[in-house]
>>> print(open('protein15.pdb').read())   # PDB, C-alpha atoms and all ligand atoms
MODEL        1
ATOM      1  CA  MET A   1       2.669 -11.578 -24.747
ATOM      2  CA  ALA A   2       0.802 -13.647 -22.138
ATOM      3  CA  ALA A   3       4.148 -14.274 -20.398
ATOM      4  CA  SER A   4       4.955 -10.563 -20.235
ATOM      5  CA  ARG A   5       1.462  -9.826 -18.845
ATOM      6  CA  ARG A   6       2.079 -12.451 -16.169
ATOM      7  CA  ALA A   7       5.436 -10.855 -15.347
ATOM      8  CA  VAL A   8       3.798  -7.416 -14.949
ATOM      9  CA  ALA A   9       1.077  -8.881 -12.707
ATOM     10  CA  ALA A  10       3.707 -10.665 -10.575
ATOM     11  CA  ARG A  11       5.696  -7.425 -10.225
ATOM     12  CA  ARG A  12       2.547  -5.644  -9.098
ATOM     13  CA  GLU A  13       1.797  -8.338  -6.525
ATOM     14  CA  ARG A  14       5.330  -8.132  -5.154
ATOM     15  CA  ALA A  15       5.024  -4.329  -4.903
ATOM     16  CA  ALA A  16       1.724  -4.731  -3.006
ATOM     17  CA  LEU A  17       3.349  -7.197  -0.592
ATOM     18  CA  LYS A  18       6.248  -4.827   0.047
ATOM     19  CA  LYS A  19       3.785  -2.016   0.741
ATOM     20  CA  ASP A  20       1.923  -4.273   3.206
ATOM     21  CA  VAL A  21       5.162  -4.841   5.116
ATOM     22  CA  ALA A  22       6.081  -1.141   5.041
ATOM     23  CA  MET A  23       2.584  -0.187   6.262
ATOM     24  CA  ARG A  24       2.708  -2.979   8.880
ATOM     25  CA  VAL A  25      -0.356  -4.698   7.487
ATOM     26  CA  ILE A  26       1.722  -7.887   7.625
ATOM     27  CA  THR A  27       4.953  -8.595   9.491
ATOM     28  CA  PRO A  28       8.207  -9.476   7.656
ATOM     29  CA  GLN A  29       8.003 -12.893   9.318
ATOM     30  CA  GLN A  30       4.530 -13.489   7.817
ATOM     31  CA  LEU A  31       5.820 -12.617   4.355
ATOM     32  CA  LEU A  32       8.800 -14.947   4.782
ATOM     33  CA  ARG A  33       6.511 -17.777   5.929
ATOM     34  CA  ARG A  34       4.356 -17.293   2.808
ATOM     35  CA  ALA A  35       7.434 -17.341   0.580
ATOM     36  CA  LEU A  36       8.785 -20.523   2.093
ATOM     37  CA  ALA A  37       5.387 -22.250   2.008
ATOM     38  CA  ASP A  38       5.113 -21.585  -1.747
ATOM     39  CA  PRO A  39       8.362 -20.639  -3.519
ATOM     40  CA  THR A  40       6.440 -20.098  -6.808
ATOM     41  CA  SER A  41       4.140 -17.451  -5.229
ATOM     42  CA  PRO A  42       4.830 -13.681  -5.604
ATOM     43  CA  ALA A  43       6.298 -13.741  -2.073
ATOM     44  CA  GLY A  44       8.555 -16.648  -3.004
ATOM     45  CA  ALA A  45       9.725 -14.859  -6.155
ATOM     46  CA  MET A  46      10.749 -11.723  -4.218
ATOM     47  CA  ARG A  47      14.488 -11.108  -4.114
ATOM     48  CA  VAL A  48      15.971 -10.933  -0.602
ATOM     49  CA  PRO A  49      17.258  -7.314  -0.992
ATOM     50  CA  GLU A  50      13.730  -6.202  -2.050
ATOM     51  CA  PHE A  51      12.285  -7.954   0.997
ATOM     52  CA  LEU A  52      14.773  -6.366   3.379
ATOM     53  CA  THR A  53      14.261  -2.772   2.187
ATOM     54  CA  ALA A  54      10.476  -3.183   2.553
ATOM     55  CA  ILE A  55      11.050  -3.425   6.310
ATOM     56  CA  PRO A  56      10.726  -0.036   8.022
ATOM     57  CA  ALA A  57      14.173   1.093   9.268
ATOM     58  CA  ILE A  58      16.210  -0.856   6.697
ATOM     59  CA  GLY A  59      17.875   1.342   4.100
ATOM     60  CA  GLU A  60      20.303   0.310   1.383
ATOM     61  CA  GLY A  61      23.405   0.436   3.627
ATOM     62  CA  LYS A  62      21.842  -1.715   6.337
ATOM     63  CA  ARG A  63      20.455  -4.094   3.686
ATOM     64  CA  ASP A  64      23.926  -4.729   2.267
ATOM     65  CA  ARG A  65      25.419  -5.326   5.727
ATOM     66  CA  ILE A  66      22.667  -7.835   6.558
ATOM     67  CA  LEU A  67      23.171  -9.729   3.278
ATOM     68  CA  HIS A  68      26.897  -9.844   3.954
ATOM     69  CA  ASP A  69      26.498 -10.983   7.576
ATOM     70  CA  LEU A  70      23.973 -13.692   6.650
ATOM     71  CA  GLU A  71      26.032 -14.726   3.622
ATOM     72  CA  ILE A  72      23.066 -14.383   1.255
ATOM     73  CA  SER A  73      23.675 -13.414  -2.378
ATOM     74  CA  PRO A  74      21.724 -10.309  -3.515
ATOM     75  CA  VAL A  75      20.262 -12.260  -6.425
ATOM     76  CA  LYS A  76      18.683 -14.886  -4.134
ATOM     77  CA  ARG A  77      14.892 -15.068  -4.040
ATOM     78  CA  LEU A  78      13.072 -15.747  -0.738
ATOM     79  CA  GLY A  79      11.695 -19.012  -2.125
ATOM     80  CA  GLY A  80      15.170 -20.159  -3.127
ATOM     81  CA  LEU A  81      16.887 -19.798   0.247
ATOM     82  CA  GLY A  82      18.742 -22.817   1.542
ATOM     83  CA  SER A  83      17.760 -24.230   4.941
ATOM     84  CA  ARG A  84      20.661 -22.554   6.808
ATOM     85  CA  GLN A  85      19.914 -19.196   5.167
ATOM     86  CA  ARG A  86      16.198 -19.493   6.064
ATOM     87  CA  GLU A  87      17.013 -20.214   9.677
ATOM     88  CA  ASP A  88      19.578 -17.389   9.859
ATOM     89  CA  LEU A  89      17.148 -14.885   8.279
ATOM     90  CA  ARG A  90      14.308 -15.984  10.587
ATOM     91  CA  ARG A  91      16.528 -15.703  13.662
ATOM     92  CA  PHE A  92      17.797 -12.315  12.524
ATOM     93  CA  LEU A  93      14.239 -10.965  12.069
ATOM     94  CA  ASP A  94      13.076 -12.330  15.425
ATOM     95  CA  THR A  95      16.019 -10.725  17.221
ATOM     96  CA  ARG A  96      15.925  -7.326  15.551
ATOM     97  CA  TRP A  97      12.195  -6.954  14.822
ATOM     98  CA  PRO A  98      10.358  -9.173  17.305
ATOM     99  CA  GLU A  99       7.026 -10.015  15.735
ATOM    100  CA  THR A 100       4.414  -7.648  17.117
ATOM    101  CA  ALA A 101       0.761  -7.624  16.263
ATOM    102  CA  PRO A 102       0.013  -5.463  13.217
ATOM    103  CA  ARG A 103      -1.230  -1.977  13.958
ATOM    104  CA  VAL A 104      -4.864  -1.994  15.030
ATOM    105  CA  GLY A 105      -7.775   0.433  15.121
ATOM    106  CA  ARG A 106      -7.102   4.074  14.469
ATOM    107  CA  SER A 107      -3.688   4.209  16.133
ATOM    108  CA  ARG A 108      -1.274   6.658  14.547
ATOM    109  CA  LEU A 109       2.329   7.634  14.786
ATOM    110  CA  VAL A 110       2.404  11.444  14.796
ATOM    111  CA  VAL A 111       5.560  13.542  14.551
ATOM    112  CA  LEU A 112       5.626  17.144  15.759
ATOM    113  CA  ALA A 113       8.618  19.097  14.459
ATOM    114  CA  GLY A 114       9.468  22.725  13.752
ATOM    115  CA  PRO A 115      12.137  25.374  14.281
ATOM    116  CA  THR A 116      13.784  26.134  17.601
ATOM    117  CA  ALA A 117      11.607  27.963  20.156
ATOM    118  CA  VAL A 118       8.438  27.703  18.059
ATOM    119  CA  GLY A 119       6.880  25.986  21.085
ATOM    120  CA  LYS A 120       7.115  22.248  20.267
ATOM    121  CA  GLY A 121       7.886  21.303  23.873
ATOM    122  CA  THR A 122       5.167  23.597  25.230
ATOM    123  CA  VAL A 123       2.517  22.273  22.821
ATOM    124  CA  ALA A 124       3.561  18.636  23.408
ATOM    125  CA  ALA A 125       3.319  19.160  27.196
ATOM    126  CA  HIS A 126      -0.179  20.611  26.755
ATOM    127  CA  ILE A 127      -1.232  17.569  24.721
ATOM    128  CA  LYS A 128       0.224  15.242  27.373
ATOM    129  CA  ALA A 129      -1.754  17.034  30.094
ATOM    130  CA  HIS A 130      -5.058  17.281  28.218
ATOM    131  CA  HIS A 131      -5.096  14.202  25.963
ATOM    132  CA  PRO A 132      -4.066  11.206  28.103
ATOM    133  CA  GLU A 133      -5.159   8.865  25.283
ATOM    134  CA  ILE A 134      -2.119  10.050  23.285
ATOM    135  CA  LEU A 135       1.244   8.649  24.395
ATOM    136  CA  LEU A 136       4.031  11.236  24.355
ATOM    137  CA  SER A 137       7.228   9.358  23.537
ATOM    138  CA  VAL A 138      10.139   9.826  25.963
ATOM    139  CA  SER A 139      13.429  10.270  24.096
ATOM    140  CA  ALA A 140      16.923   9.233  25.101
ATOM    141  CA  THR A 141      19.520  12.024  25.168
ATOM    142  CA  THR A 142      23.185  12.504  25.971
ATOM    143  CA  ARG A 143      22.591  16.019  27.341
ATOM    144  CA  ALA A 144      22.599  16.613  31.095
ATOM    145  CA  PRO A 145      19.265  17.057  32.891
ATOM    146  CA  ARG A 146      18.139  20.645  33.495
ATOM    147  CA  PRO A 147      16.876  21.593  36.944
ATOM    148  CA  GLY A 148      13.522  19.899  37.508
ATOM    149  CA  GLU A 149      13.886  17.343  34.730
ATOM    150  CA  VAL A 150      13.235  13.755  35.806
ATOM    151  CA  ASP A 151      14.963  10.713  34.266
ATOM    152  CA  GLY A 152      12.386   8.537  32.482
ATOM    153  CA  GLU A 153       9.776  11.265  32.506
ATOM    154  CA  HIS A 154      11.270  14.133  30.476
ATOM    155  CA  TYR A 155      14.092  12.126  28.899
ATOM    156  CA  PHE A 156      16.153   9.015  29.479
ATOM    157  CA  PHE A 157      19.489  10.623  30.299
ATOM    158  CA  VAL A 158      22.282   8.361  29.033
ATOM    159  CA  ASP A 159      26.007   8.703  28.350
ATOM    160  CA  ASP A 160      27.623   8.398  24.910
ATOM    161  CA  ALA A 161      28.518   4.721  25.386
ATOM    162  CA  GLU A 162      24.926   3.783  26.250
ATOM    163  CA  PHE A 163      23.601   5.837  23.321
ATOM    164  CA  ASP A 164      26.013   3.981  20.993
ATOM    165  CA  ARG A 165      24.812   0.675  22.413
ATOM    166  CA  MET A 166      21.152   1.613  21.831
ATOM    167  CA  ILE A 167      21.949   2.407  18.192
ATOM    168  CA  ALA A 168      23.960  -0.804  17.691
ATOM    169  CA  ASP A 169      21.166  -2.921  19.188
ATOM    170  CA  GLY A 170      18.548  -1.331  16.915
ATOM    171  CA  GLU A 171      16.681   0.122  19.911
ATOM    172  CA  LEU A 172      16.145   3.561  18.360
ATOM    173  CA  LEU A 173      13.549   4.342  15.725
ATOM    174  CA  GLU A 174      15.534   7.461  14.777
ATOM    175  CA  HIS A 175      18.377   9.480  16.226
ATOM    176  CA  ALA A 176      20.209  12.717  15.489
ATOM    177  CA  THR A 177      22.668  15.227  16.836
ATOM    178  CA  VAL A 178      20.568  18.321  17.472
ATOM    179  CA  HIS A 179      21.868  21.912  17.443
ATOM    180  CA  ASN A 180      25.368  20.503  16.830
ATOM    181  CA  ALA A 181      25.516  19.594  20.473
ATOM    182  CA  HIS A 182      23.909  16.506  21.982
ATOM    183  CA  ARG A 183      22.417  13.309  20.654
ATOM    184  CA  TYR A 184      18.724  12.513  20.894
ATOM    185  CA  GLY A 185      16.843   9.367  19.869
ATOM    186  CA  THR A 186      13.397   7.780  20.014
ATOM    187  CA  PRO A 187      13.201   4.372  21.746
ATOM    188  CA  ARG A 188      11.405   1.972  19.421
ATOM    189  CA  LYS A 189       9.872  -0.550  21.865
ATOM    190  CA  PRO A 190       7.347   1.610  23.796
ATOM    191  CA  ILE A 191       6.081   2.997  20.488
ATOM    192  CA  GLU A 192       5.557  -0.380  18.885
ATOM    193  CA  LYS A 193       3.783  -1.627  22.019
ATOM    194  CA  ALA A 194       1.443   1.388  22.158
ATOM    195  CA  LEU A 195       0.658   1.205  18.429
ATOM    196  CA  SER A 196      -0.064  -2.522  18.614
ATOM    197  CA  GLU A 197      -2.507  -1.742  21.448
ATOM    198  CA  GLY A 198      -4.305   0.761  19.230
ATOM    199  CA  ARG A 199      -2.913   3.898  20.915
ATOM    200  CA  THR A 200      -1.697   6.996  19.119
ATOM    201  CA  VAL A 201       1.891   8.063  19.797
ATOM    202  CA  LEU A 202       3.288  11.600  19.531
ATOM    203  CA  LEU A 203       6.997  12.245  18.906
ATOM    204  CA  GLU A 204       8.357  15.745  19.565
ATOM    205  CA  ILE A 205      11.610  15.639  17.616
ATOM    206  CA  ASP A 206      13.770  17.664  15.243
ATOM    207  CA  LEU A 207      13.618  17.800  11.442
ATOM    208  CA  GLN A 208      16.350  15.182  10.857
ATOM    209  CA  GLY A 209      14.448  12.769  13.094
ATOM    210  CA  ALA A 210      11.138  13.520  11.349
ATOM    211  CA  ARG A 211      12.698  12.583   8.012
ATOM    212  CA  GLN A 212      14.027   9.301   9.421
ATOM    213  CA  VAL A 213      10.611   8.418  10.860
ATOM    214  CA  ARG A 214       8.989   9.061   7.490
ATOM    215  CA  GLU A 215      11.501   6.701   5.873
ATOM    216  CA  ALA A 216      10.998   4.035   8.549
ATOM    217  CA  ASP A 217       7.206   4.366   8.548
ATOM    218  CA  PRO A 218       5.639   5.997   5.502
ATOM    219  CA  THR A 219       2.240   5.914   7.253
ATOM    220  CA  ALA A 220       3.419   8.309  10.008
ATOM    221  CA  THR A 221       1.655  11.692  10.144
ATOM    222  CA  LEU A 222       4.129  14.594  10.032
ATOM    223  CA  VAL A 223       3.054  17.922  11.546
ATOM    224  CA  PHE A 224       5.154  21.098  11.240
ATOM    225  CA  LEU A 225       4.652  23.733  13.928
ATOM    226  CA  LEU A 226       4.967  27.307  12.646
ATOM    227  CA  PRO A 227       5.424  30.589  14.512
ATOM    228  CA  PRO A 228       2.850  33.349  13.798
ATOM    229  CA  SER A 229       5.767  35.377  12.365
ATOM    230  CA  TRP A 230       9.576  35.394  12.192
ATOM    231  CA  ASP A 231       9.743  38.249  14.722
ATOM    232  CA  GLU A 232       7.628  36.283  17.182
ATOM    233  CA  LEU A 233       9.978  33.280  16.821
ATOM    234  CA  VAL A 234      12.970  35.497  17.650
ATOM    235  CA  GLN A 235      11.030  36.950  20.606
ATOM    236  CA  ARG A 236      10.274  33.484  21.973
ATOM    237  CA  LEU A 237      13.884  32.384  21.671
ATOM    238  CA  VAL A 238      15.168  35.529  23.361
ATOM    239  CA  GLY A 239      12.365  35.498  25.955
ATOM    240  CA  ARG A 240      13.126  31.909  26.954
ATOM    241  CA  GLY A 241      16.576  33.055  27.974
ATOM    242  CA  THR A 242      18.184  29.611  27.811
ATOM    243  CA  GLU A 243      20.776  30.352  25.087
ATOM    244  CA  GLY A 244      23.486  32.987  24.748
ATOM    245  CA  ALA A 245      23.664  35.380  21.774
ATOM    246  CA  ALA A 246      26.004  33.202  19.660
ATOM    247  CA  GLU A 247      23.906  30.054  20.154
ATOM    248  CA  ARG A 248      20.704  32.011  19.420
ATOM    249  CA  ALA A 249      22.189  33.285  16.139
ATOM    250  CA  ARG A 250      23.194  29.733  15.164
ATOM    251  CA  ARG A 251      19.754  28.320  15.968
ATOM    252  CA  LEU A 252      18.045  31.076  13.979
ATOM    253  CA  ARG A 253      20.198  30.258  10.947
ATOM    254  CA  THR A 254      19.114  26.597  11.248
ATOM    255  CA  ALA A 255      15.497  27.743  11.752
ATOM    256  CA  LYS A 256      15.576  29.476   8.341
ATOM    257  CA  THR A 257      16.483  26.231   6.540
ATOM    258  CA  GLU A 258      13.999  24.253   8.650
ATOM    259  CA  LEU A 259      11.177  26.631   7.750
ATOM    260  CA  ALA A 260      12.069  26.115   4.096
ATOM    261  CA  SER A 261      11.399  22.370   4.570
ATOM    262  CA  GLN A 262       7.829  22.728   5.827
ATOM    263  CA  GLY A 263       6.492  21.478   2.469
ATOM    264  CA  GLU A 264       7.747  17.965   3.315
ATOM    265  CA  PHE A 265       5.155  17.756   6.087
ATOM    266  CA  ASP A 266       1.565  16.488   5.874
ATOM    267  CA  TYR A 267       0.152  19.330   7.981
ATOM    268  CA  ARG A 268       1.217  22.782   9.167
ATOM    269  CA  VAL A 269      -0.114  24.210  12.428
ATOM    270  CA  VAL A 270       0.485  27.802  13.554
ATOM    271  CA  ASN A 271       1.347  28.056  17.259
ATOM    272  CA  ASP A 272      -0.405  31.366  17.889
ATOM    273  CA  ASP A 273      -1.971  30.090  21.095
ATOM    274  CA  VAL A 274      -0.747  27.008  22.987
ATOM    275  CA  ALA A 275      -4.157  25.463  23.796
ATOM    276  CA  ARG A 276      -5.531  26.097  20.297
ATOM    277  CA  ALA A 277      -2.448  24.714  18.529
ATOM    278  CA  ALA A 278      -2.326  21.685  20.854
ATOM    279  CA  ASP A 279      -5.997  20.905  20.153
ATOM    280  CA  GLU A 280      -5.377  21.173  16.409
ATOM    281  CA  VAL A 281      -2.434  18.740  16.622
ATOM    282  CA  ALA A 282      -4.481  16.372  18.820
ATOM    283  CA  ARG A 283      -7.313  16.438  16.246
ATOM    284  CA  LEU A 284      -4.861  15.473  13.497
ATOM    285  CA  ALA A 285      -3.760  12.573  15.694
ATOM    286  CA  HIS A 286      -7.299  11.096  15.926
TER     287      HIS A 286
HETATM  288  N1  LIG B 301       1.774  30.046  21.683
HETATM  289  C1  LIG B 301       2.750  30.649  22.371
HETATM  290  N2  LIG B 301       2.657  31.960  22.660
HETATM  291  C2  LIG B 301       3.639  32.581  23.346
HETATM  292  N3  LIG B 301       4.763  31.988  23.813
HETATM  293  C3  LIG B 301       4.889  30.661  23.546
HETATM  294  C4  LIG B 301       3.901  29.932  22.830
HETATM  295  N4  LIG B 301       4.313  28.654  22.732
HETATM  296  C5  LIG B 301       5.504  28.576  23.360
HETATM  297  N5  LIG B 301       5.854  29.771  23.854
HETATM  298  C6  LIG B 301       7.089  30.132  24.574
HETATM  299  O1  LIG B 301       8.149  30.079  23.609
HETATM  300  C7  LIG B 301       9.347  29.590  24.208
HETATM  301  C8  LIG B 301       9.864  28.401  23.425
HETATM  302  O2  LIG B 301       9.006  27.296  23.612
HETATM  303  P1  LIG B 301       9.553  25.796  23.674
HETATM  304  O3  LIG B 301      10.719  25.738  24.584
HETATM  305  O4  LIG B 301       8.381  24.936  23.945
HETATM  306  O5  LIG B 301      10.053  25.644  22.162
HETATM  307  P2  LIG B 301      10.675  24.396  21.388
HETATM  308  O6  LIG B 301      10.131  24.459  20.007
HETATM  309  O7  LIG B 301      10.439  23.131  22.157
HETATM  310  O8  LIG B 301      12.207  24.796  21.399
HETATM  311  P3  LIG B 301      13.578  23.943  21.148
HETATM  312  O9  LIG B 301      13.401  23.185  19.886
HETATM  313  O10 LIG B 301      14.601  25.016  21.035
HETATM  314  O11 LIG B 301      13.776  23.052  22.349
HETATM  315  C9  LIG B 301       9.017  29.274  25.655
HETATM  316  O12 LIG B 301       9.411  30.355  26.480
HETATM  317  C10 LIG B 301       7.496  29.135  25.649
HETATM  318  O13 LIG B 301       6.918  29.456  26.891
HETATM  319  N1  LIG B 302      15.740  13.719  16.386
HETATM  320  C1  LIG B 302      15.325  13.871  17.653
HETATM  321  N2  LIG B 302      15.197  15.093  18.175
HETATM  322  C2  LIG B 302      14.758  15.192  19.446
HETATM  323  C3  LIG B 302      14.422  14.067  20.204
HETATM  324  N3  LIG B 302      14.020  14.485  21.433
HETATM  325  C4  LIG B 302      14.083  15.824  21.423
HETATM  326  N4  LIG B 302      14.518  16.260  20.222
HETATM  327  C5  LIG B 302      14.726  17.648  19.789
HETATM  328  O1  LIG B 302      15.863  18.166  20.432
HETATM  329  C6  LIG B 302      15.756  19.577  20.558
HETATM  330  C7  LIG B 302      16.315  20.065  21.838
HETATM  331  O2  LIG B 302      15.599  19.575  22.920
HETATM  332  P1  LIG B 302      15.924  20.071  24.408
HETATM  333  O3  LIG B 302      14.939  19.346  25.287
HETATM  334  O4  LIG B 302      17.340  19.706  24.704
HETATM  335  O5  LIG B 302      15.702  21.574  24.410
HETATM  336  C8  LIG B 302      14.279  19.892  20.346
HETATM  337  O6  LIG B 302      14.180  20.548  19.088
HETATM  338  C9  LIG B 302      13.602  18.571  20.236
HETATM  339  O7  LIG B 302      12.565  18.557  19.280
HETATM  340  C10 LIG B 302      14.566  12.784  19.608
HETATM  341  O8  LIG B 302      14.285  11.717  20.209
HETATM  342  N5  LIG B 302      15.020  12.741  18.349
ENDMDL
END
>>> encode(input="protein15.pdb", output="structure tokens", more="lines below")
Ligand SMILES: Nc1ncnc2c1ncn2[C@@H]1O[C@H](COP(=O)(O)OP(=O)(O)OP(=O)(O)O)[C@@H](O)[C@H]1O
Ligand SMILES: Nc1nc2c(ncn2[C@@H]2O[C@H](COP(=O)(O)O)[C@@H](O)[C@H]2O)c(=O)[nH]1
Amino acid sequence: MAASRRAVAARRERAALKKDVAMRVITPQQLLRRALADPTSPAGAMRVPEFLTAIPAIGEGKRDRILHDLEISPVKRLGGLGSRQREDLRRFLDTRWPETAPRVGRSRLVVLAGPTAVGKGTVAAHIKAHHPEILLSVSATTRAPRPGEVDGEHYFFVDDAEFDRMIADGELLEHATVHNAHRYGTPRKPIEKALSEGRTVLLEIDLQGARQVREADPTATLVFLLPPSWDELVQRLVGRGTEGAAERARRLRTAKTELASQGEFDYRVVNDDVARAADEVARLAH
């Protein structure tokens, strides 16, 4: 009986440690150091696959590839790693997730998503202009610049090969093909730097990206921007005049399914007026 109570308590402690890594209260390297310093501790008793999936951005597929590449059995516990395996795991973490200071102060990672033409770009630009304390992330994309768009300011314009390289090197926090056309992704480094300095970061991305961010960082705040009505959304898309009739029809079909997903978000903001909606999003970010 006492033994089973101890086992339950140990499981709880391991779950708390995993949550600390996921919430960036401690770094994966700190957890590994604790495990190696005391193999009989809850950290030491954690199995390597459990440890890996606690790290934001590692899902089951990536976990299995890492175990295979590092030649570590899935039943191995952190405290039971051999010296070569420890070194390989340490080196791997330092290369892929350089140890950054844990998140400080009231910094937040905020995602703004919503259907096509609801005004995400317009609201994000208003926040950038009126709330300089919030960093608006600059995405990488494979689409060509539009007139007036500046590389490094509106987007990092890259070709397919460079986008593939960024994915392979783990440089993107999330990425997706949007509107069945071009690829877009959020560079990880500037975000981690800003968050570690206590700044809030705003990502203006699509629904697929928002879901990936939630998986990578469960503490992220997800905001869904809504149109005042369906007719107004159609009006905005038509009024913008940047898509032909076939593309507009396709985007509106996607918009219907996106609107049905609004319940996945932490907050919903109606974009009835740009300044009002932007201020509401900025308040949620503080
Ligand atoms: N509150 C608003 N009232 C009226 N028009 C608006 C409002 N917000 C944005 N718009 C207009 O709606 C159109 C679509 O806005 P925007 O391009 O910012 O949408 P988006 O959500 O970023 O679209 P996409 O996802 O397709 O890139 C633009 O013409 C913009 O000026
Ligand atoms: N998943 C991601 N989606 C992104 C990112 N950056 C922008 N976007 C979304 O793409 C569409 C189209 O943008 P446009 O500038 O070509 O009109 C828009 O809905 C954005 O929200 C990103 O890094 N990841």
>>> resolve_selection(input="protein15.pdb", expression="the PyMOL selection byres (((not hetatm)) within 8 of (chain B and resi 302))", output="PDB file with C-alpha atoms, in the coordinates of the input")
ATOM      1  CA  LEU A 112       5.626  17.144  15.759  1.00  0.00           C
ATOM      2  CA  ALA A 113       8.618  19.097  14.459  1.00  0.00           C
ATOM      3  CA  GLY A 114       9.468  22.725  13.752  1.00  0.00           C
ATOM      4  CA  PRO A 115      12.137  25.374  14.281  1.00  0.00           C
ATOM      5  CA  THR A 116      13.784  26.134  17.601  1.00  0.00           C
ATOM      6  CA  ALA A 117      11.607  27.963  20.156  1.00  0.00           C
ATOM      7  CA  LYS A 120       7.115  22.248  20.267  1.00  0.00           C
ATOM      8  CA  GLY A 121       7.886  21.303  23.873  1.00  0.00           C
ATOM      9  CA  VAL A 138      10.139   9.826  25.963  1.00  0.00           C
ATOM     10  CA  SER A 139      13.429  10.270  24.096  1.00  0.00           C
ATOM     11  CA  ALA A 140      16.923   9.233  25.101  1.00  0.00           C
ATOM     12  CA  THR A 141      19.520  12.024  25.168  1.00  0.00           C
ATOM     13  CA  ARG A 143      22.591  16.019  27.341  1.00  0.00           C
ATOM     14  CA  TYR A 155      14.092  12.126  28.899  1.00  0.00           C
ATOM     15  CA  GLU A 174      15.534   7.461  14.777  1.00  0.00           C
ATOM     16  CA  HIS A 175      18.377   9.480  16.226  1.00  0.00           C
ATOM     17  CA  ALA A 176      20.209  12.717  15.489  1.00  0.00           C
ATOM     18  CA  THR A 177      22.668  15.227  16.836  1.00  0.00           C
ATOM     19  CA  VAL A 178      20.568  18.321  17.472  1.00  0.00           C
ATOM     20  CA  HIS A 179      21.868  21.912  17.443  1.00  0.00           C
ATOM     21  CA  HIS A 182      23.909  16.506  21.982  1.00  0.00           C
ATOM     22  CA  ARG A 183      22.417  13.309  20.654  1.00  0.00           C
ATOM     23  CA  TYR A 184      18.724  12.513  20.894  1.00  0.00           C
ATOM     24  CA  GLY A 185      16.843   9.367  19.869  1.00  0.00           C
ATOM     25  CA  THR A 186      13.397   7.780  20.014  1.00  0.00           C
ATOM     26  CA  PRO A 187      13.201   4.372  21.746  1.00  0.00           C
ATOM     27  CA  LEU A 203       6.997  12.245  18.906  1.00  0.00           C
ATOM     28  CA  GLU A 204       8.357  15.745  19.565  1.00  0.00           C
ATOM     29  CA  ILE A 205      11.610  15.639  17.616  1.00  0.00           C
ATOM     30  CA  ASP A 206      13.770  17.664  15.243  1.00  0.00           C
ATOM     31  CA  LEU A 207      13.618  17.800  11.442  1.00  0.00           C
ATOM     32  CA  GLN A 208      16.350  15.182  10.857  1.00  0.00           C
ATOM     33  CA  GLY A 209      14.448  12.769  13.094  1.00  0.00           C
ATOM     34  CA  ALA A 210      11.138  13.520  11.349  1.00  0.00           C
TER      35      ALA A 210
END
>>> axis_aligned_box(input="protein15.pdb", around="ligand LIG 301 (chain B)", padding_each_side="3 Å", output="JSON")
{"center_x": 8.2, "center_y": 27.8, "center_z": 23.4, "size_x": 18.8, "size_y": 15.5, "size_z": 13.0}
>>> residues_near_ligand(input="protein15.pdb", ligand="ligand LIG 301 (chain B)", cutoff="6 Å", atoms="all atoms listed in the file", output="JSON, numbers by chain")
{"A": [116, 117, 118, 119, 120, 121, 122, 236, 237, 239, 240, 271, 272, 273, 274]}
>>> atom_distance(input="protein15.pdb", atom1="atom CA of Ser41 of chain A", atom2="atom CA of Arg12 of chain A")
12.5 Å
>>> atom_distance(input="protein15.pdb", atom1="atom CA of Ser196 of chain A", atom2="atom CA of Leu109 of chain A")
11.1 Å
>>> closest_residue(input="protein15.pdb", among="A:Leu17, A:Phe224, A:Glu71, A:Gly80", to="Phe51 of chain A", atoms="only C-alpha atoms")
A:Leu17
>>> residues_around(input="protein15.pdb", residues="segment 18-30 of chain A", least_positions_apart="4", cutoff="12 Å", atoms="all atoms listed in the file", output="PyMOL selection string")
chain A and resi 11-14+34-37+42-44+46-58+78+86-87+89-105+108-109+192+195-196+214-220
>>> decode(input="protein15.pdb", residues="segment 180-194 of chain A", atoms="C-alpha atoms", output="PDB file, in the first residue's frame")
ATOM      1  CA  ASN A 180      -3.366  26.038 -50.830  1.00  0.00           C
ATOM      2  CA  ALA A 181      -0.771  28.321 -52.306  1.00  0.00           C
ATOM      3  CA  HIS A 182       2.359  29.467 -50.493  1.00  0.00           C
ATOM      4  CA  ARG A 183       4.203  28.446 -47.368  1.00  0.00           C
ATOM      5  CA  TYR A 184       4.414  30.650 -44.298  1.00  0.00           C
ATOM      6  CA  GLY A 185       6.302  30.105 -41.039  1.00  0.00           C
ATOM      7  CA  THR A 186       7.184  31.847 -37.782  1.00  0.00           C
ATOM      8  CA  PRO A 187      10.921  32.191 -37.032  1.00  0.00           C
ATOM      9  CA  ARG A 188      11.544  30.875 -33.529  1.00  0.00           C
ATOM     10  CA  LYS A 189      14.662  32.828 -32.458  1.00  0.00           C
ATOM     11  CA  PRO A 190      13.363  36.443 -32.334  1.00  0.00           C
ATOM     12  CA  ILE A 191      10.345  35.238 -30.357  1.00  0.00           C
ATOM     13  CA  GLU A 192      12.362  33.366 -27.773  1.00  0.00           C
ATOM     14  CA  LYS A 193      14.690  36.358 -27.378  1.00  0.00           C
ATOM     15  CA  ALA A 194      11.807  38.816 -26.900  1.00  0.00           C
TER      16      ALA A 194
END
